[in-house]
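Everything below belongs to upload.cif, which stores mmCIF, C-alpha atoms.
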```cif
data_final
loop_
_atom_site.label_atom_id
_atom_site.label_comp_id
_atom_site.auth_asym_id
_atom_site.auth_seq_id
_atom_site.Cartn_x
_atom_site.Cartn_y
_atom_site.Cartn_z
CA MET A 20 35.61 -27.50 21.42
CA THR A 21 32.97 -27.38 18.67
CA THR A 22 33.20 -25.10 15.69
CA ASN A 23 30.63 -22.43 16.32
CA ALA A 24 29.75 -19.76 13.81
CA ASP A 25 28.60 -17.24 16.37
CA GLY A 26 32.02 -16.29 17.66
CA PRO A 27 32.69 -14.53 20.95
CA GLN A 28 29.07 -14.56 22.23
CA THR A 29 29.13 -18.35 22.15
CA ARG A 30 29.50 -20.70 25.06
CA PRO A 31 30.61 -24.31 24.37
CA ARG A 32 27.57 -26.56 23.95
CA ARG A 33 26.80 -30.12 22.93
CA ARG A 34 29.33 -31.83 20.73
CA THR A 35 28.62 -31.38 17.02
CA PRO A 36 30.42 -32.92 14.04
CA ALA A 37 33.86 -31.40 13.50
CA GLY A 38 33.75 -28.48 11.07
CA ALA A 39 29.99 -28.00 11.20
CA ALA A 40 29.03 -24.35 11.59
CA VAL A 41 26.25 -24.20 14.15
CA LEU A 42 23.99 -21.16 13.95
CA ARG A 43 22.62 -20.65 17.43
CA GLU A 44 18.87 -20.26 17.36
CA ASP A 45 18.82 -17.84 20.31
CA VAL A 46 21.20 -15.53 18.44
CA THR A 47 19.00 -15.74 15.35
CA GLU A 48 15.98 -14.83 17.43
CA ALA A 49 17.79 -11.92 19.09
CA ILE A 50 18.68 -10.56 15.65
CA ARG A 51 15.11 -10.91 14.45
CA ALA A 52 13.81 -9.04 17.48
CA ALA A 53 16.40 -6.32 16.94
CA VAL A 54 15.26 -5.90 13.34
CA PHE A 55 11.70 -5.21 14.49
CA GLU A 56 12.87 -2.65 17.00
CA GLU A 57 15.20 -0.92 14.54
CA LEU A 58 12.55 -0.80 11.84
CA ALA A 59 9.98 0.70 14.16
CA SER A 60 12.45 3.24 15.50
CA VAL A 61 14.41 4.41 12.42
CA GLY A 62 12.64 2.85 9.41
CA TYR A 63 14.03 0.72 6.61
CA ALA A 64 16.01 3.38 4.75
CA ARG A 65 18.05 4.48 7.76
CA MET A 66 18.43 1.06 9.35
CA SER A 67 21.92 -0.51 9.25
CA ILE A 68 23.31 -3.99 9.87
CA GLU A 69 25.61 -2.37 12.40
CA GLY A 70 22.66 -0.89 14.34
CA ILE A 71 20.86 -4.23 14.29
CA ALA A 72 23.94 -6.10 15.52
CA ARG A 73 24.50 -3.57 18.30
CA ARG A 74 20.89 -3.81 19.46
CA ALA A 75 21.02 -7.62 19.36
CA GLY A 76 24.30 -7.67 21.29
CA VAL A 77 26.13 -9.64 18.58
CA GLY A 78 28.85 -8.93 16.04
CA LYS A 79 28.03 -7.87 12.46
CA THR A 80 29.43 -11.20 11.26
CA ALA A 81 26.72 -13.04 13.16
CA VAL A 82 24.16 -11.17 11.09
CA TYR A 83 25.94 -11.68 7.75
CA ARG A 84 26.30 -15.41 8.41
CA ARG A 85 22.51 -15.67 8.40
CA TRP A 86 21.43 -13.09 5.82
CA ARG A 87 23.24 -11.69 2.79
CA SER A 88 21.93 -8.14 3.15
CA LYS A 89 19.63 -5.81 5.03
CA LEU A 90 16.99 -6.43 2.39
CA HIS A 91 17.13 -10.21 2.77
CA LEU A 92 16.99 -9.92 6.53
CA VAL A 93 13.94 -7.66 6.50
CA LEU A 94 12.10 -9.70 3.89
CA ASP A 95 12.71 -12.85 5.88
CA VAL A 96 11.31 -11.25 9.00
CA VAL A 97 8.33 -9.75 7.17
CA SER A 98 7.50 -12.99 5.45
CA ALA A 99 7.68 -14.77 8.81
CA ILE A 100 4.94 -12.42 10.08
CA ALA A 101 2.87 -12.81 6.94
CA VAL A 102 2.55 -16.55 7.14
CA GLN A 103 3.02 -17.01 10.88
CA GLY A 104 1.34 -20.26 11.91
CA LEU A 105 -0.75 -20.41 8.77
CA PRO A 106 -1.23 -23.83 7.17
CA ALA A 107 -3.98 -24.05 4.54
CA PRO A 108 -7.23 -24.03 6.50
CA GLU A 109 -9.41 -27.06 5.78
CA THR A 110 -12.90 -26.14 6.89
CA GLY A 111 -14.58 -27.93 3.97
CA SER A 112 -15.93 -24.80 2.28
CA LEU A 113 -14.47 -21.85 0.36
CA GLU A 114 -16.23 -19.35 2.60
CA GLY A 115 -15.02 -21.09 5.76
CA ASP A 116 -11.44 -21.28 4.51
CA LEU A 117 -11.47 -17.60 3.55
CA ARG A 118 -12.83 -16.69 6.96
CA VAL A 119 -9.88 -18.41 8.65
CA LEU A 120 -7.41 -16.75 6.26
CA TYR A 121 -8.91 -13.34 7.01
CA GLU A 122 -8.78 -13.81 10.77
CA VAL A 123 -5.08 -14.63 10.61
CA THR A 124 -4.21 -11.98 8.00
CA SER A 125 -6.13 -9.31 9.88
CA ARG A 126 -4.16 -10.00 13.04
CA ALA A 127 -0.87 -9.98 11.09
CA LEU A 128 -1.63 -6.68 9.30
CA ARG A 129 -2.61 -5.03 12.57
CA HIS A 130 0.65 -6.03 14.22
CA PRO A 131 2.01 -2.58 15.07
CA VAL A 132 5.35 -3.37 13.51
CA ALA A 133 3.94 -4.92 10.33
CA SER A 134 1.72 -1.90 9.78
CA GLN A 135 4.84 0.26 9.78
CA ILE A 136 7.27 -2.04 7.95
CA ILE A 137 5.02 -2.90 5.01
CA PRO A 138 4.42 0.70 3.87
CA ASP A 139 8.15 1.41 4.35
CA LEU A 140 9.06 -1.46 2.06
CA GLN A 141 6.39 -0.51 -0.47
CA ALA A 142 7.91 2.96 -0.69
CA GLU A 143 11.37 1.44 -1.16
CA ALA A 144 9.98 -0.90 -3.81
CA ALA A 145 8.75 2.10 -5.82
CA ARG A 146 12.35 3.28 -6.21
CA ASN A 147 14.28 0.02 -6.19
CA PRO A 148 13.45 -2.83 -8.61
CA ASP A 149 15.35 -5.39 -6.47
CA ILE A 150 13.18 -4.62 -3.47
CA ALA A 151 10.06 -4.63 -5.65
CA GLU A 152 10.95 -8.08 -6.96
CA ALA A 153 11.76 -9.44 -3.50
CA MET A 154 8.53 -8.01 -2.07
CA GLN A 155 6.53 -9.60 -4.87
CA LYS A 156 8.15 -12.93 -4.21
CA THR A 157 7.52 -12.69 -0.48
CA LEU A 158 3.89 -11.71 -1.00
CA ARG A 159 3.36 -14.56 -3.43
CA GLU A 160 4.96 -17.16 -1.20
CA GLY A 161 3.30 -15.88 1.95
CA GLN A 162 -0.20 -14.47 1.67
CA GLU A 163 -0.88 -15.72 -1.84
CA GLY A 164 0.60 -19.17 -1.23
CA VAL A 165 -2.21 -19.94 1.20
CA ALA A 166 -4.80 -18.38 -1.10
CA VAL A 167 -3.64 -20.62 -3.95
CA LYS A 168 -4.20 -23.69 -1.75
CA ILE A 169 -7.66 -22.46 -0.75
CA LEU A 170 -8.58 -21.92 -4.40
CA ALA A 171 -7.28 -25.36 -5.41
CA ALA A 172 -9.33 -27.03 -2.68
CA ALA A 173 -12.46 -25.11 -3.75
CA ALA A 174 -11.91 -26.15 -7.38
CA ARG A 175 -11.53 -29.82 -6.29
CA ARG A 176 -14.85 -29.58 -4.44
CA GLY A 177 -16.43 -28.02 -7.54
CA GLU A 178 -17.26 -24.76 -5.75
CA ILE A 179 -15.41 -22.69 -8.35
CA SER A 180 -14.12 -23.41 -11.84
CA ALA A 181 -10.43 -24.26 -11.91
CA GLY A 182 -7.73 -22.09 -13.35
CA ALA A 183 -9.77 -19.23 -14.82
CA HIS A 184 -8.51 -15.79 -13.89
CA ASP A 185 -6.03 -17.03 -11.32
CA GLU A 186 -4.38 -13.68 -10.75
CA LEU A 187 -7.68 -11.90 -10.44
CA ALA A 188 -8.86 -14.46 -7.89
CA LEU A 189 -5.80 -13.76 -5.75
CA ASP A 190 -6.38 -10.00 -5.97
CA ILE A 191 -10.00 -10.40 -4.94
CA ILE A 192 -8.93 -12.47 -1.93
CA SER A 193 -6.05 -10.25 -0.79
CA GLY A 194 -7.05 -6.73 -1.87
CA PRO A 195 -10.02 -5.68 0.27
CA LEU A 196 -8.58 -6.45 3.72
CA TYR A 197 -5.25 -4.89 2.75
CA TRP A 198 -7.04 -1.76 1.53
CA ARG A 199 -8.97 -1.46 4.80
CA SER A 200 -6.06 -2.25 7.15
CA VAL A 201 -3.00 -0.77 5.46
CA VAL A 202 -4.28 1.86 2.99
CA ILE A 203 -7.30 3.31 4.80
CA ARG A 204 -5.61 2.32 8.10
CA SER A 205 -8.95 1.84 9.75
CA PRO A 206 -8.19 1.58 13.47
CA LYS A 207 -10.89 -1.05 14.02
CA LEU A 208 -12.89 -3.32 11.74
CA PRO A 209 -16.68 -2.79 11.70
CA LYS A 210 -18.67 -5.48 13.54
CA GLY A 211 -19.17 -8.65 11.51
CA TYR A 212 -16.69 -7.43 8.91
CA LEU A 213 -14.56 -10.54 8.44
CA GLY A 214 -17.54 -12.90 8.12
CA ALA A 215 -19.23 -10.65 5.58
CA LEU A 216 -15.95 -10.26 3.68
CA ALA A 217 -15.53 -14.06 3.46
CA ARG A 218 -19.12 -14.42 2.21
CA ALA A 219 -18.75 -11.65 -0.40
CA THR A 220 -15.37 -12.87 -1.61
CA ALA A 221 -16.61 -16.43 -1.99
CA GLY A 222 -19.53 -14.97 -4.02
CA ALA A 223 -17.13 -13.06 -6.27
CA LEU A 224 -14.95 -16.11 -6.88
CA LYS A 225 -17.95 -18.23 -7.81
CA ALA A 226 -19.01 -15.49 -10.28
CA LEU A 227 -15.65 -15.58 -12.11
CA MET B 12 -1.61 48.64 -11.11
CA THR B 13 -3.59 45.69 -9.84
CA THR B 14 -2.89 43.95 -6.57
CA ASN B 15 -1.35 40.65 -7.53
CA ALA B 16 -0.49 37.93 -5.06
CA ASP B 17 2.26 36.42 -7.14
CA GLY B 18 4.82 39.13 -6.54
CA PRO B 19 7.96 39.71 -8.59
CA GLN B 20 7.28 37.06 -11.26
CA THR B 21 4.05 38.88 -12.17
CA ARG B 22 3.46 41.18 -15.11
CA PRO B 23 0.54 43.67 -14.96
CA ARG B 24 -2.57 42.14 -16.48
CA ARG B 25 -6.24 42.95 -16.89
CA ARG B 26 -7.74 45.32 -14.34
CA THR B 27 -9.18 43.54 -11.30
CA PRO B 28 -11.09 45.03 -8.34
CA ALA B 29 -8.85 47.01 -6.01
CA GLY B 30 -7.48 44.86 -3.18
CA ALA B 31 -8.37 41.51 -4.77
CA ALA B 32 -5.50 39.03 -4.55
CA VAL B 33 -5.29 37.29 -7.91
CA LEU B 34 -3.67 33.87 -7.93
CA ARG B 35 -2.34 33.34 -11.40
CA GLU B 36 -3.42 29.98 -12.77
CA ASP B 37 -0.22 29.53 -14.81
CA VAL B 38 1.84 29.94 -11.62
CA THR B 39 -0.37 27.41 -9.84
CA GLU B 40 0.14 24.94 -12.68
CA ALA B 41 3.91 25.50 -12.71
CA ILE B 42 4.00 24.72 -8.98
CA ARG B 43 1.93 21.56 -9.44
CA ALA B 44 4.25 20.37 -12.20
CA ALA B 45 7.27 21.10 -10.01
CA VAL B 46 5.77 19.02 -7.19
CA PHE B 47 5.53 16.00 -9.47
CA GLU B 48 9.11 16.40 -10.59
CA GLU B 49 10.43 16.90 -7.06
CA LEU B 50 8.48 13.94 -5.72
CA ALA B 51 9.76 11.65 -8.42
CA SER B 52 13.32 12.84 -7.99
CA VAL B 53 13.81 13.14 -4.20
CA GLY B 54 10.63 11.66 -2.64
CA TYR B 55 8.23 13.13 -0.13
CA ALA B 56 10.44 13.08 2.96
CA ARG B 57 13.34 15.00 1.38
CA MET B 58 11.21 17.38 -0.69
CA SER B 59 11.09 21.03 0.42
CA ILE B 60 8.91 24.03 -0.42
CA GLU B 61 12.13 25.80 -1.35
CA GLY B 62 13.07 23.13 -3.87
CA ILE B 63 9.58 23.19 -5.37
CA ALA B 64 9.61 26.98 -5.67
CA ARG B 65 13.06 26.94 -7.28
CA ARG B 66 12.01 24.32 -9.82
CA ALA B 67 8.80 26.24 -10.61
CA GLY B 68 10.72 29.51 -10.97
CA VAL B 69 8.64 31.31 -8.33
CA GLY B 70 9.21 32.62 -4.81
CA LYS B 71 8.39 30.50 -1.71
CA THR B 72 5.59 32.97 -0.90
CA ALA B 73 3.82 32.07 -4.14
CA VAL B 74 3.65 28.48 -2.88
CA TYR B 75 2.55 29.36 0.66
CA ARG B 76 -0.23 31.62 -0.67
CA ARG B 77 -1.79 28.58 -2.27
CA TRP B 78 -1.07 25.78 0.20
CA ARG B 79 -0.44 25.86 3.92
CA SER B 80 2.23 23.16 3.96
CA LYS B 81 4.11 20.58 1.94
CA LEU B 82 1.59 17.99 3.06
CA HIS B 83 -1.40 20.01 1.85
CA LEU B 84 0.29 20.68 -1.46
CA VAL B 85 1.08 17.04 -2.09
CA LEU B 86 -2.34 15.81 -1.03
CA ASP B 87 -3.99 18.32 -3.32
CA VAL B 88 -1.90 17.17 -6.25
CA VAL B 89 -2.43 13.49 -5.46
CA SER B 90 -6.16 13.87 -5.06
CA ALA B 91 -6.27 15.73 -8.39
CA ILE B 92 -4.75 12.64 -10.04
CA ALA B 93 -7.05 10.26 -8.18
CA VAL B 94 -10.28 11.79 -9.41
CA GLN B 95 -9.02 13.32 -12.66
CA GLY B 96 -11.95 13.69 -15.02
CA LEU B 97 -14.06 11.20 -13.12
CA PRO B 98 -17.77 11.97 -12.77
CA ALA B 99 -19.98 9.09 -11.59
CA PRO B 100 -20.32 6.83 -14.63
CA GLU B 101 -23.94 6.22 -15.62
CA THR B 102 -23.95 3.12 -17.75
CA GLY B 103 -27.21 1.81 -16.32
CA SER B 104 -25.71 -1.24 -14.57
CA LEU B 105 -23.48 -1.86 -11.56
CA GLU B 106 -21.09 -3.98 -13.61
CA GLY B 107 -20.87 -1.31 -16.34
CA ASP B 108 -20.26 1.48 -13.86
CA LEU B 109 -17.54 -0.52 -12.11
CA ARG B 110 -15.90 -1.25 -15.44
CA VAL B 111 -15.64 2.49 -16.18
CA LEU B 112 -14.33 3.19 -12.67
CA TYR B 113 -11.66 0.51 -13.06
CA GLU B 114 -10.51 1.80 -16.47
CA VAL B 115 -9.98 5.27 -15.03
CA THR B 116 -8.46 4.10 -11.73
CA SER B 117 -6.14 1.69 -13.49
CA ARG B 118 -4.76 4.50 -15.66
CA ALA B 119 -4.36 6.77 -12.62
CA LEU B 120 -2.56 4.12 -10.54
CA ARG B 121 -0.21 3.34 -13.41
CA HIS B 122 0.74 7.00 -13.82
CA PRO B 123 4.50 6.72 -13.15
CA VAL B 124 4.37 9.54 -10.63
CA ALA B 125 1.29 8.26 -8.77
CA SER B 126 2.85 4.84 -8.44
CA GLN B 127 5.81 6.45 -6.68
CA ILE B 128 4.01 9.12 -4.65
CA ILE B 129 1.31 6.91 -3.17
CA PRO B 130 3.69 4.40 -1.52
CA ASP B 131 5.80 7.32 -0.27
CA LEU B 132 2.79 8.89 1.41
CA GLN B 133 1.65 5.55 2.80
CA ALA B 134 5.03 5.15 4.47
CA GLU B 135 4.79 8.69 5.89
CA ALA B 136 1.25 7.95 7.09
CA ALA B 137 2.54 4.99 9.12
CA ARG B 138 4.67 7.39 11.17
CA ASN B 139 2.60 10.58 11.14
CA PRO B 140 -1.07 10.60 12.23
CA ASP B 141 -1.72 13.95 10.45
CA ILE B 142 -0.64 12.50 7.14
CA ALA B 143 -2.62 9.32 7.82
CA GLU B 144 -5.75 11.38 8.45
CA ALA B 145 -5.24 13.58 5.39
CA MET B 146 -4.60 10.51 3.21
CA GLN B 147 -7.78 8.86 4.51
CA LYS B 148 -9.75 12.01 3.71
CA THR B 149 -8.28 12.26 0.22
CA LEU B 150 -8.96 8.59 -0.50
CA ARG B 151 -12.52 8.87 0.74
CA GLU B 152 -13.28 12.01 -1.24
CA GLY B 153 -11.55 10.81 -4.39
CA GLN B 154 -11.68 7.11 -5.16
CA GLU B 155 -14.37 6.24 -2.64
CA GLY B 156 -16.56 9.25 -3.46
CA VAL B 157 -17.21 7.84 -6.92
CA ALA B 158 -17.70 4.34 -5.53
CA VAL B 159 -20.34 5.65 -3.11
CA LYS B 160 -22.26 7.17 -6.03
CA ILE B 161 -22.04 3.92 -7.99
CA LEU B 162 -23.36 1.95 -5.01
CA ALA B 163 -26.23 4.42 -4.46
CA ALA B 164 -27.27 4.16 -8.10
CA ALA B 165 -27.16 0.34 -7.95
CA ALA B 166 -29.30 0.40 -4.79
CA ARG B 167 -31.84 2.70 -6.51
CA ARG B 168 -32.07 0.25 -9.40
CA GLY B 169 -32.55 -2.60 -6.92
CA GLU B 170 -29.35 -4.39 -8.01
CA ILE B 171 -27.98 -4.45 -4.45
CA SER B 172 -29.54 -3.91 -1.04
CA ALA B 173 -28.99 -0.40 0.28
CA GLY B 174 -26.77 0.53 3.18
CA ALA B 175 -25.67 -2.92 4.36
CA HIS B 176 -21.91 -3.23 4.90
CA ASP B 177 -21.07 0.11 3.29
CA GLU B 178 -17.43 0.08 4.32
CA LEU B 179 -16.96 -3.50 3.17
CA ALA B 180 -18.52 -2.65 -0.21
CA LEU B 181 -15.99 0.15 -0.68
CA ASP B 182 -13.11 -2.16 0.22
CA ILE B 183 -14.33 -4.78 -2.24
CA ILE B 184 -14.50 -2.16 -4.98
CA SER B 185 -11.14 -0.47 -4.28
CA GLY B 186 -8.95 -3.23 -2.85
CA PRO B 187 -8.24 -5.71 -5.66
CA LEU B 188 -7.01 -3.26 -8.32
CA TYR B 189 -4.92 -1.42 -5.74
CA TRP B 190 -3.38 -4.72 -4.60
CA ARG B 191 -2.48 -5.68 -8.18
CA SER B 192 -1.21 -2.24 -9.30
CA VAL B 193 0.45 -0.79 -6.20
CA VAL B 194 1.23 -3.73 -3.89
CA ILE B 195 2.14 -6.51 -6.32
CA ARG B 196 3.18 -3.79 -8.81
CA SER B 197 2.28 -5.98 -11.73
CA PRO B 198 3.79 -4.28 -14.78
CA LYS B 199 0.84 -5.18 -17.00
CA LEU B 200 -2.70 -6.39 -16.34
CA PRO B 201 -3.58 -9.85 -17.70
CA LYS B 202 -5.83 -9.80 -20.80
CA GLY B 203 -9.50 -9.24 -19.98
CA TYR B 204 -8.64 -8.38 -16.38
CA LEU B 205 -10.71 -5.22 -15.88
CA GLY B 206 -13.86 -6.72 -17.37
CA ALA B 207 -13.57 -9.86 -15.25
CA LEU B 208 -12.85 -7.74 -12.17
CA ALA B 209 -16.00 -5.66 -12.74
CA ARG B 210 -18.07 -8.84 -13.18
CA ALA B 211 -16.64 -10.48 -10.06
CA THR B 212 -16.95 -7.34 -7.92
CA ALA B 213 -20.57 -6.82 -8.98
CA GLY B 214 -21.18 -10.47 -7.99
CA ALA B 215 -19.62 -9.91 -4.58
CA LEU B 216 -21.68 -6.77 -3.91
CA LYS B 217 -24.90 -8.56 -4.83
CA ALA B 218 -23.95 -11.36 -2.41
CA LEU B 219 -23.58 -8.93 0.52
#
```

Exercise: express the given structure as structure tokens:
Amino acid sequence: MTTNADGPQTRPRRRTPAGAAVLREDVTEAIRAAVFEELASVGYARMSIEGIARRAGVGKTAVYRRWRSKLHLVLDVVSAIAVQGLPAPETGSLEGDLRVLYEVTSRALRHPVASQIIPDLQAEAARNPDIAEAMQKTLREGQEGVAVKILAAAARRGEISAGAHDELALDIISGPLYWRSVVIRSPKLPKGYLGALARATAGALKAL
Amino acid sequence: MTTNADGPQTRPRRRTPAGAAVLREDVTEAIRAAVFEELASVGYARMSIEGIARRAGVGKTAVYRRWRSKLHLVLDVVSAIAVQGLPAPETGSLEGDLRVLYEVTSRALRHPVASQIIPDLQAEAARNPDIAEAMQKTLREGQEGVAVKILAAAARRGEISAGAHDELALDIISGPLYWRSVVIRSPKLPKGYLGALARATAGALKAL
């Protein structure tokens, strides 16, 4: 029988090298789904690894084998939403690339779970420097990672000047849609909003 | 003796018209200060009118005479921070007005209490439609109220076209600094940030 890290829930499967700990993907996915449900139902502060494991139908060990802590688990799940299916768009123009980014980000921010988890984690971050740091890292690697690629491509094409005000450029790209979707919590974007936002943002970046 | 709404903590003061309920300003200020301290120490969810009253050294009735609920009290205090001393700036240019707005907003968002209260209330808003609505109203009347005046003045001067994409214009003005200060929680703004932000935002609004 193979060595399998998922314990009692595991049925024997294909032969794997002796001693290798196989993390079953279906168990991982069940845990991820349970995290969403727990977050939406009790919120980050009251959520426990035990509750997640129970909801996923696995043992607590199955959770701890994959993630060190509740924080790491949640950040992993949140960052998976943030960058879900998002390679750098390559439309050939800054405005076109931003438009694609905004379409994807807008859908992600409107995800009913994301729109509840993100403010929860922001509130935690205000009281807990570890969470603040982890959130920053996740935001930078997710949302801002794509924005950095878009900016680099625009600089290569000569649409914007390279390197000046990098942090400001990222804030200009990420801030407005976040403000509208998460802060104002506008239930619906005005008609033509994303196209106009891409046009205006591209204008701002060229003015930097 | 005068009718005084503040009950046992009150000493007789100047004569006021019979039957007039006088709300003592020093009691109001003590309650506001207590709200800040309670919010910072226990957070919105666990804060109670009783705890606020105790910290302010007044009776619960003194609080309820001034505000209907914990939510109304907190929103009043938050909105007072948001617009503190902020008339519409009149520098004569869109970029200049935005620069003034950003200086003031940046200081307000960095207020250690604001940076803890706002995320708390955002998290509450994600679970409670009443709080979401009240937050929206406060944001619109505070931060966005000034932005609306700045946009109107710029339109009168012919710097931007009037009325097009009003909501988008507000998001472009408010989003980036909020993203940097509250979401990314950058401990310090890069050198020259606010000036460059005002320049870039003015560029974006002219491109709308």

Inset, instruction - Determine the residue membership of the PyMOL selection byres ((chain A) within 8 of (chain B)) for the file above and supply it as number ranges by chain. - result: A: 134-135, 138-139, 141-142, 145-146, 151, 154-155, 158, 184, 186-187, 190-199, 202-204, 209, 212, 215-216, 218-224, 226-227

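Among B:Ala73, B:Val46, B:Val33, B:Val38, the residue with the shortest atom-to-atom distance to Asp87 (chain B), counting all atoms listed in the file, is B:Val46.
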
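Note that CA of Ile60 (chain B) and CA of Tyr75 (chain B) are 8.4 Å apart.
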
Selection result for the PyMOL selection byres ((chain A and resi 170-172) around 10) on this file, as a PDB file with C-alpha atoms, in the coordinates of the input:
```
ATOM      1  CA  ALA A 107      -3.980 -24.050   4.540  1.00  0.00           C
ATOM      2  CA  PRO A 108      -7.230 -24.030   6.500  1.00  0.00           C
ATOM      3  CA  GLU A 109      -9.410 -27.060   5.780  1.00  0.00           C
ATOM      4  CA  GLY A 111     -14.580 -27.930   3.970  1.00  0.00           C
ATOM      5  CA  SER A 112     -15.930 -24.800   2.280  1.00  0.00           C
ATOM      6  CA  LEU A 113     -14.470 -21.850   0.360  1.00  0.00           C
ATOM      7  CA  ASP A 116     -11.440 -21.280   4.510  1.00  0.00           C
ATOM      8  CA  LEU A 117     -11.470 -17.600   3.550  1.00  0.00           C
ATOM      9  CA  VAL A 165      -2.210 -19.940   1.200  1.00  0.00           C
ATOM     10  CA  ALA A 166      -4.800 -18.380  -1.100  1.00  0.00           C
ATOM     11  CA  VAL A 167      -3.640 -20.620  -3.950  1.00  0.00           C
ATOM     12  CA  LYS A 168      -4.200 -23.690  -1.750  1.00  0.00           C
ATOM     13  CA  ILE A 169      -7.660 -22.460  -0.750  1.00  0.00           C
ATOM     14  CA  ALA A 173     -12.460 -25.110  -3.750  1.00  0.00           C
ATOM     15  CA  ALA A 174     -11.910 -26.150  -7.380  1.00  0.00           C
ATOM     16  CA  ARG A 175     -11.530 -29.820  -6.290  1.00  0.00           C
ATOM     17  CA  ARG A 176     -14.850 -29.580  -4.440  1.00  0.00           C
ATOM     18  CA  GLY A 177     -16.430 -28.020  -7.540  1.00  0.00           C
ATOM     19  CA  GLU A 178     -17.260 -24.760  -5.750  1.00  0.00           C
ATOM     20  CA  ILE A 179     -15.410 -22.690  -8.350  1.00  0.00           C
ATOM     21  CA  SER A 180     -14.120 -23.410 -11.840  1.00  0.00           C
ATOM     22  CA  ALA A 181     -10.430 -24.260 -11.910  1.00  0.00           C
ATOM     23  CA  GLY A 182      -7.730 -22.090 -13.350  1.00  0.00           C
ATOM     24  CA  ASP A 185      -6.030 -17.030 -11.320  1.00  0.00           C
ATOM     25  CA  ALA A 188      -8.860 -14.460  -7.890  1.00  0.00           C
ATOM     26  CA  LEU A 189      -5.800 -13.760  -5.750  1.00  0.00           C
ATOM     27  CA  ILE A 192      -8.930 -12.470  -1.930  1.00  0.00           C
ATOM     28  CA  LEU A 224     -14.950 -16.110  -6.880  1.00  0.00           C
TER      29      LEU A 224
END
```

Legend entry - Residues matched by the PyMOL selection byres ((chain A and resi 93) around 9) as a list in words: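 The output of the PyMOL selection byres ((chain A and resi 93) around 9) on this file is Arg51, Val54, Phe55, Leu58, Tyr63, Ser88, Lys89, Leu90, His91, Leu92, Leu94, Asp95, Val96, Val97, Ser98 and Ile136 of chain A.
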
Residues from last step as file, C-alpha atoms, as an mmCIF file, keeping the file's coordinate frame:
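Listed below is the output, part_35.cif:
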```
data_model
loop_
_atom_site.group_PDB
_atom_site.id
_atom_site.type_symbol
_atom_site.label_atom_id
_atom_site.label_comp_id
_atom_site.auth_asym_id
_atom_site.auth_seq_id
_atom_site.Cartn_x
_atom_site.Cartn_y
_atom_site.Cartn_z
ATOM 1 C CA ARG A 51 15.110 -10.910 14.450
ATOM 2 C CA VAL A 54 15.260 -5.900 13.340
ATOM 3 C CA PHE A 55 11.700 -5.210 14.490
ATOM 4 C CA LEU A 58 12.550 -0.800 11.840
ATOM 5 C CA TYR A 63 14.030 0.720 6.610
ATOM 6 C CA SER A 88 21.930 -8.140 3.150
ATOM 7 C CA LYS A 89 19.630 -5.810 5.030
ATOM 8 C CA LEU A 90 16.990 -6.430 2.390
ATOM 9 C CA HIS A 91 17.130 -10.210 2.770
ATOM 10 C CA LEU A 92 16.990 -9.920 6.530
ATOM 11 C CA LEU A 94 12.100 -9.700 3.890
ATOM 12 C CA ASP A 95 12.710 -12.850 5.880
ATOM 13 C CA VAL A 96 11.310 -11.250 9.000
ATOM 14 C CA VAL A 97 8.330 -9.750 7.170
ATOM 15 C CA SER A 98 7.500 -12.990 5.450
ATOM 16 C CA ILE A 136 7.270 -2.040 7.950
#
```

Inset, instruction - Can you work out the spacing between CA of Ser125 (chain A) and CA of Ala75 (chain A) in Å, to one decimal? - result: 28.8 Å

Legend entry - Distance query Ala41 (chain B) at most 12 Å, only C-alpha atoms, self and fewer than 2 positions along chain excluded, as a ChimeraX atom specification: /B:35-39,43-48,63-70,73-74
